[in-house]
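Asker: Got a structure for you, written out below as C-alpha cells; questions coming shortly.
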Amino acid sequence: MSQVRLRFAPSPTGYLHVGGARTALFNWLLARKQQGRFILRIEDTDVARSTQESVDAILEGMTWLGLDWDEGPFYQSENFPLYKEYVQKLLDAGKAYKCYCSAEELEAKREKAMKEGGKPKYDGTCRNLPPQEDDGRPYVVRFKAPQEGTTSWVDLIKGKISFENVELDDLIIQRTDGTPTYNFVVVIDDATMNITTVIRGDDHVNNTPRQILLYEALGVPVPTFAHVPMILGADKARLSKRHGATSVMAYRDMGFLPEAMVNYLVRLGWSFGDEEIFSLEDLTQKFSIESVGRSASVFNPDKLLWLNAHYIKTGDPVRLAGLVTPFLKERGVDSEKGPGLVAVVKTLQERAKTMLELADGAVFYYKDGFEYDEKGAAKNFNPETPALLELLNAKLEGLATLDMESVEGVFKGICEEKGIKLGQIGPAVRLALSGTTASPGIYEMIVTLGMAETRKRIERAMAWIRR
C-alpha cells in the first residue's frame, strides 16, 4: 500500500481561521495516525490578495497549535510554468479548447438560458471549433467536460455523492491573462504532490466532480475525499467575526492554551464515546475521519473556556509561568522582582479560566501599593482588627519555618486564644495581603509572599485602619 499523503492548503488572504485550523488538525491527525506525510501548501495564486503577513500568521497559528508539517510550505505562485504545461497537454490531447466568447456574450447567453428555464451554463459555442492560430484575440481555455454519464465518489464523511455530467460546465482552466484558475491548479498540485486523501470544508463539494473529471482527463489517480461540515455561530449562521474572534491567534491573545484549542476544535464534529479531554498524543491513536459527523457544528465559547480552565488547573506550573510572563509584562509587572512566579502560579491555577485571569490574579503579588476593596474594607477592617493583625505578625515572626502547616497552626492558636472564629480574622488578612476579598488561600499567600513582605503588608493595613 502506498504512503498516505495529506495536505492543508490555505489561501494567505487573512489569518488562520478557526475553521481552517480544524481542517488542518483533521489532516494532521490522519497523517500521524496512518504514519503518512502532512504537507503544507500555500494557495497564493490570487496575487492581489495574498500577503506575506498572512502567510506568517498562518504558519504562526499552526506552530502554536503544534501542527508541524513534513513537507513545504510550497507556494502555488512558484508553479505557474507547471500549470501552463498541463493546460497545453490538455489542449494537445483535444481535452481542452480555446473559447473566444466575450464577457458580454457570455452574460447574454446566461440570461437567455435563465429566461428559457435552463441552467445558466456555458452553451459550448467554441467547443467544436477547429484549433485556431493565435491572431491576437483574447481567449480563455476551457476543459471539455463529458456531457453524459455521472461523476460520483464515496466521501469518507458524507457517503456516496453523485453529479450528472450534463449539469456541469466546461470549466475555465486558464483566464485571458494566461493565469490558471483555482479548480485547475488544485488538481495539478494534488496530482504532482501525490496527495492520496483530501480533507476540506464542505463548501468544496460542488468543486469535487469538476476536479475528478480533470484527474481522469490527465490520467492520474483520483484521491479519496472527505468534506467536513461547516462551523456555525450560536445563531446557526456561518461562523463570522460577529460571533466573536474567528482567528486562532486571537484566542492565544485572549489567554487560551493551545492544547485547549486543539481539544476544542477536534470535538467540533468528532467524538469518541463520552470522552471530553484529549491530548494530541491521544488523538493520534483515537481519531478517525469516518467518525466525523455529517451535520454542522456550533461554536460554543463556554465549552472552550471550560476546557481552558481544565488545562490551566492541571497544567505544569513551570510552563504556565513562562506563558503568563508576557501577559504580566503588559500589566507592568516584572516577575523577577518579588516572589517566585512558579509558586505564584500554583496558588492561582486552581481558579483561573484564562491566562489573562491568571495574570490579573498575580499582579498583587508584585505590586504592593494597591487600594483596598471598598465593601470589603467597610465590612472587615474594624477597630478590633489592628490588635489581631499585630498578634498575627508577632506569632508568624516566631515560626522556625514558614510553611502551610505552621501558618495554619498560628491562625488556629489565635482563634483559640481570643475566642474568635477564623471568619473574624481571615477576611481582614486576605484584604491586607491582596487588596481584594477573592484571592488565593490565605495560608498559601503568606507562604508565597514570604515573611518580610507579609509583615510589611499587614503593618500597612494596620496603619490604614488606624487612620
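Letters A, B, ... go to the chains of the C-alpha cells in the order shown; residues in each chain start at 1; ligands are counted from 1 in the same order.
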Applying 7 Å and only C-alpha atoms, which residues near stretch 61-70 of chain A remain after dropping the ones on its own chain fewer than 4 positions away? List them as an mmCIF file with N, CA and C atoms, in the first residue's frame.

Answerer:
```
data_model
loop_
_atom_site.group_PDB
_atom_site.id
_atom_site.type_symbol
_atom_site.label_atom_id
_atom_site.label_comp_id
_atom_site.auth_asym_id
_atom_site.auth_seq_id
_atom_site.Cartn_x
_atom_site.Cartn_y
_atom_site.Cartn_z
ATOM 1 N N LEU A 16 -5.183 32.602 10.285
ATOM 2 C CA LEU A 16 -5.631 31.213 10.352
ATOM 3 C C LEU A 16 -6.970 31.210 11.094
ATOM 4 N N LEU A 25 -6.027 20.437 11.427
ATOM 5 C CA LEU A 25 -5.905 19.456 12.512
ATOM 6 C C LEU A 25 -6.362 18.067 12.048
ATOM 7 N N TRP A 28 -3.742 16.666 9.756
ATOM 8 C CA TRP A 28 -2.536 16.342 10.521
ATOM 9 C C TRP A 28 -2.730 15.030 11.299
ATOM 10 N N ARG A 37 2.370 11.402 5.465
ATOM 11 C CA ARG A 37 3.050 12.689 5.392
ATOM 12 C C ARG A 37 2.000 13.803 5.392
ATOM 13 N N PHE A 38 2.327 14.893 6.087
ATOM 14 C CA PHE A 38 1.439 16.062 6.135
ATOM 15 C C PHE A 38 2.140 17.217 5.429
ATOM 16 N N ILE A 39 1.509 17.707 4.382
ATOM 17 C CA ILE A 39 2.143 18.700 3.504
ATOM 18 C C ILE A 39 1.426 20.044 3.640
ATOM 19 N N LEU A 40 2.198 21.109 3.711
ATOM 20 C CA LEU A 40 1.616 22.449 3.796
ATOM 21 C C LEU A 40 1.827 23.163 2.462
ATOM 22 N N ALA A 57 1.156 34.698 9.496
ATOM 23 C CA ALA A 57 0.105 34.490 10.501
ATOM 24 C C ALA A 57 -0.385 33.037 10.486
ATOM 25 N N VAL A 248 -7.387 32.105 15.104
ATOM 26 C CA VAL A 248 -6.820 31.245 16.151
ATOM 27 C C VAL A 248 -5.908 32.043 17.086
ATOM 28 N N MET A 249 -5.087 32.935 16.515
ATOM 29 C CA MET A 249 -4.136 33.659 17.354
ATOM 30 C C MET A 249 -4.831 34.667 18.290
ATOM 31 N N PRO A 258 -2.909 26.392 23.761
ATOM 32 C CA PRO A 258 -3.056 25.659 22.501
ATOM 33 C C PRO A 258 -3.704 24.288 22.684
ATOM 34 N N VAL A 262 -6.891 22.915 20.579
ATOM 35 C CA VAL A 262 -6.844 21.661 19.800
ATOM 36 C C VAL A 262 -7.951 20.722 20.265
#
```

Asker: May I have the residues within 12 Å of A:Lys33 as a list in words, using only C-alpha atoms and disregarding those fewer than 3 positions away in the same chain?

Answerer: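 Near A:Lys33, the qualifying residues are Val4, Arg5, Leu6, Leu25, Phe26, Asn27, Trp28, Leu29, Leu30, Gly36, Arg37, Phe38, Leu280, Glu281, Asp282, Leu283, Thr284, Gln285, Lys286, Phe287, Ser288 and Ile289 of chain A.
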
Asker: Between A:Pro339, A:Gly14, A:Gly244, A:Gly19, single out the one closest to A:Pro229, counting only C-alpha atoms.

Answerer: A:Gly19

Asker: Select from stretch 215-353 of chain A everything DSSP, run on the backbone, classes as strand (DSSP E), then give the selection as a ChimeraX atom specification.

Answerer: /A:224-228,231-232,297-298

Asker: So that I can check the secondary structure, give me every residue of stretch 245-457 of chain A assigned helix (DSSP H, G or I) by backbone DSSP, as a ChimeraX atom specification.

Answerer: /A:248-253,258-267,280-286,289-291,301-313,317-330,341-348,355-366,374-380,385-397,404-418,422-424,426-434,442-449,451-457

Asker: Pick the closest to A:Ala463 from A:Glu148, A:Glu390, A:Asp123, A:Asp274: which is it, counting only C-alpha atoms?

Answerer: A:Glu390

Asker: Extract, using only C-alpha atoms, all DNA, RNA and protein residues at most 10 Å from A:Leu82, discarding same-chain residues fewer than 3 positions from it, and format them as number ranges by chain.

Answerer: A: 76, 78-79, 85-87, 185, 188-189, 192

Asker: Just want the 9 Å neighbourhood of A:Ser295, counted on only C-alpha atoms, with same-chain residues fewer than 6 positions away dropped. Output as a VMD selection string.

Answerer: chain A and resid 228 to 230 269

Asker: Go ahead and write the residues just picked, C-alpha atoms, as a short mmCIF file (atom, residue, chain, number, x, y, z; two decimals), in the first residue's frame.

Answerer:
```cif
data_model
loop_
_atom_site.label_atom_id
_atom_site.label_comp_id
_atom_site.auth_asym_id
_atom_site.auth_seq_id
_atom_site.Cartn_x
_atom_site.Cartn_y
_atom_site.Cartn_z
CA VAL A 228 -16.04 18.42 6.72
CA PRO A 229 -19.26 20.26 7.70
CA MET A 230 -19.26 23.99 8.46
CA GLY A 269 -17.90 17.39 14.79
#
```

Asker: Counting only C-alpha atoms, which of A:Glu43, A:Asp134, A:Glu459, A:Glu116 gets nearest to A:Tyr100?

Answerer: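 Between A:Glu43, A:Asp134, A:Glu459, A:Glu116, the residue approaching A:Tyr100 most closely is A:Asp134.
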
Asker: Hey, can you check how far atom CA of A:Arg351 sits from atom CA of A:Phe370?

Answerer: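 Atom CA of A:Phe370 lies 21.4 Å from atom CA of A:Arg351.
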
Asker: Which residue, A:Glu384, A:Leu171, A:Asn393, A:Tyr443, has the smallest gap to A:Val407 when you use only C-alpha atoms?

Answerer: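 Under the stated criterion, the closest residue is A:Tyr443.
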
Asker: Pick from A:Pro120, A:Leu389, A:Ala24, A:Ala432: nearest to A:Ile414, with only C-alpha atoms counted?

Answerer: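 Answer, going by the shortest atom-to-atom distance: A:Leu389.
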
Asker: Skip A:Met355 itself and residues of its chain fewer than 6 positions away, then list as a VMD selection string all residues within 10 Å of it, counting only C-alpha atoms.

Answerer: chain A and resid 252 to 257 308 to 309 312 320 to 321 323 to 325 327 to 328 349 361

Asker: Deliver the residues from the most recent selection as a file, using C-alpha atoms, as a PDB file, in the first residue's frame.

Answerer:
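File result_35.pdb, as written:
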```pdb
ATOM      1  CA  ARG A 252      -3.914  32.938  22.262  1.00  0.00           C
ATOM      2  CA  ASP A 253      -4.021  36.693  22.967  1.00  0.00           C
ATOM      3  CA  MET A 254      -7.211  36.171  24.984  1.00  0.00           C
ATOM      4  CA  GLY A 255      -5.301  33.783  27.228  1.00  0.00           C
ATOM      5  CA  PHE A 256      -6.254  30.383  25.798  1.00  0.00           C
ATOM      6  CA  LEU A 257      -3.809  27.470  25.771  1.00  0.00           C
ATOM      7  CA  ASN A 308      -9.101  26.001  29.043  1.00  0.00           C
ATOM      8  CA  ALA A 309      -9.800  26.140  32.786  1.00  0.00           C
ATOM      9  CA  ILE A 312      -4.705  25.575  33.387  1.00  0.00           C
ATOM     10  CA  LEU A 320       2.370  28.227  32.807  1.00  0.00           C
ATOM     11  CA  ALA A 321       4.810  30.652  34.481  1.00  0.00           C
ATOM     12  CA  LEU A 323       3.352  31.530  29.256  1.00  0.00           C
ATOM     13  CA  VAL A 324       1.949  34.104  31.692  1.00  0.00           C
ATOM     14  CA  THR A 325       5.118  36.265  31.708  1.00  0.00           C
ATOM     15  CA  PHE A 327       0.749  38.986  29.992  1.00  0.00           C
ATOM     16  CA  LEU A 328       2.340  40.213  33.240  1.00  0.00           C
ATOM     17  CA  GLN A 349      -4.149  27.951  38.652  1.00  0.00           C
ATOM     18  CA  GLY A 361      -4.665  37.424  39.735  1.00  0.00           C
TER      19      GLY A 361
END
```

Asker: Pick out the residues sitting within 12 Å of A:Leu106, and hand them over as a list in words; count only C-alpha atoms, and ignore anything fewer than 6 positions along from it in its own chain.

Answerer: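 What passes the distance filter is Cys99, Tyr100, Lys112, Ala113, Pro120, Lys121, Tyr122, Asp123, Gly124, Thr125 and Cys126 of chain A.
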
Asker: I want to know what sits within 12 Å of A:Asn206, based on only C-alpha atoms, with residues of the same chain fewer than 2 positions away left out; could you give that as a list of chain:residue names?

Answerer: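 Contacts, in chain order: A:Thr151, A:Ser152, A:Ile161, A:Ser162, A:Phe163, A:Glu164, A:Glu167, A:Leu168, A:Asp169, A:Asn183, A:Gly201, A:Asp202, A:Asp203, A:His204, A:Thr208, A:Pro209, A:Arg210, A:Gln211, A:Ile212, A:His227.
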
Asker: Would you mind exporting the chosen residues as an mmCIF file, in the first residue's frame, restricted to N, CA and C atoms?

Answerer:
```cif
data_model
loop_
_atom_site.group_PDB
_atom_site.id
_atom_site.type_symbol
_atom_site.label_atom_id
_atom_site.label_comp_id
_atom_site.auth_asym_id
_atom_site.auth_seq_id
_atom_site.Cartn_x
_atom_site.Cartn_y
_atom_site.Cartn_z
ATOM 1 N N THR A 151 -20.749 11.566 -12.510
ATOM 2 C CA THR A 151 -19.480 11.575 -11.769
ATOM 3 C C THR A 151 -19.830 11.405 -10.295
ATOM 4 N N SER A 152 -19.274 10.365 -9.682
ATOM 5 C CA SER A 152 -19.591 10.147 -8.261
ATOM 6 C C SER A 152 -18.354 9.693 -7.495
ATOM 7 N N ILE A 161 -21.742 10.439 -3.169
ATOM 8 C CA ILE A 161 -22.255 11.694 -3.756
ATOM 9 C C ILE A 161 -22.133 11.581 -5.274
ATOM 10 N N SER A 162 -23.210 11.932 -5.990
ATOM 11 C CA SER A 162 -23.200 11.840 -7.459
ATOM 12 C C SER A 162 -23.663 13.138 -8.095
ATOM 13 N N PHE A 163 -23.075 13.462 -9.222
ATOM 14 C CA PHE A 163 -23.494 14.601 -10.038
ATOM 15 C C PHE A 163 -23.704 14.126 -11.468
ATOM 16 N N GLU A 164 -24.778 14.575 -12.096
ATOM 17 C CA GLU A 164 -24.981 14.289 -13.523
ATOM 18 C C GLU A 164 -24.037 15.200 -14.312
ATOM 19 N N GLU A 167 -25.078 18.489 -15.884
ATOM 20 C CA GLU A 167 -25.234 19.670 -15.026
ATOM 21 C C GLU A 167 -23.950 20.509 -14.959
ATOM 22 N N LEU A 168 -22.817 19.893 -15.328
ATOM 23 C CA LEU A 168 -21.523 20.552 -15.123
ATOM 24 C C LEU A 168 -21.133 21.391 -16.332
ATOM 25 N N ASP A 169 -20.420 22.461 -16.073
ATOM 26 C CA ASP A 169 -19.986 23.391 -17.101
ATOM 27 C C ASP A 169 -18.663 22.949 -17.729
ATOM 28 N N ASN A 183 -9.726 25.754 -9.527
ATOM 29 C CA ASN A 183 -10.061 24.329 -9.618
ATOM 30 C C ASN A 183 -9.009 23.533 -10.388
ATOM 31 N N GLY A 201 -13.290 21.628 3.687
ATOM 32 C CA GLY A 201 -14.619 22.075 4.075
ATOM 33 C C GLY A 201 -15.669 21.666 3.047
ATOM 34 N N ASP A 202 -16.920 21.492 3.511
ATOM 35 C CA ASP A 202 -17.932 21.010 2.565
ATOM 36 C C ASP A 202 -18.447 22.112 1.634
ATOM 37 N N ASP A 203 -17.864 23.324 1.746
ATOM 38 C CA ASP A 203 -18.155 24.333 0.717
ATOM 39 C C ASP A 203 -17.465 23.973 -0.601
ATOM 40 N N HIS A 204 -16.616 22.925 -0.579
ATOM 41 C CA HIS A 204 -15.929 22.479 -1.812
ATOM 42 C C HIS A 204 -16.633 21.318 -2.518
ATOM 43 N N THR A 208 -15.812 19.306 -6.408
ATOM 44 C CA THR A 208 -15.217 17.964 -6.475
ATOM 45 C C THR A 208 -15.500 17.228 -7.788
ATOM 46 N N PRO A 209 -16.747 17.195 -8.319
ATOM 47 C CA PRO A 209 -16.955 16.466 -9.579
ATOM 48 C C PRO A 209 -16.124 17.044 -10.723
ATOM 49 N N ARG A 210 -16.016 18.366 -10.771
ATOM 50 C CA ARG A 210 -15.204 19.008 -11.821
ATOM 51 C C ARG A 210 -13.745 18.577 -11.696
ATOM 52 N N GLN A 211 -13.287 18.518 -10.436
ATOM 53 C CA GLN A 211 -11.886 18.144 -10.211
ATOM 54 C C GLN A 211 -11.648 16.669 -10.543
ATOM 55 N N ILE A 212 -12.610 15.821 -10.197
ATOM 56 C CA ILE A 212 -12.476 14.389 -10.515
ATOM 57 C C ILE A 212 -12.348 14.196 -12.032
ATOM 58 N N HIS A 227 -15.365 15.631 3.078
ATOM 59 C CA HIS A 227 -15.814 17.017 3.195
ATOM 60 C C HIS A 227 -16.401 17.273 4.581
#
```

Asker: Work out how far atom CA of A:Pro73 is from atom CA of A:Glu53, in Å to one decimal.

Answerer: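 If I compute the distance from atom CA of A:Glu53 to atom CA of A:Pro73, I get 14.6 Å.
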
Asker: Considering only C-alpha atoms, state which residue in the set A:Ser102, A:Gln34, A:Ser54, A:Ser240 is at the smallest distance from A:Pro12.

Answerer: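 So, comparing all the options, the nearest one is A:Ser54.
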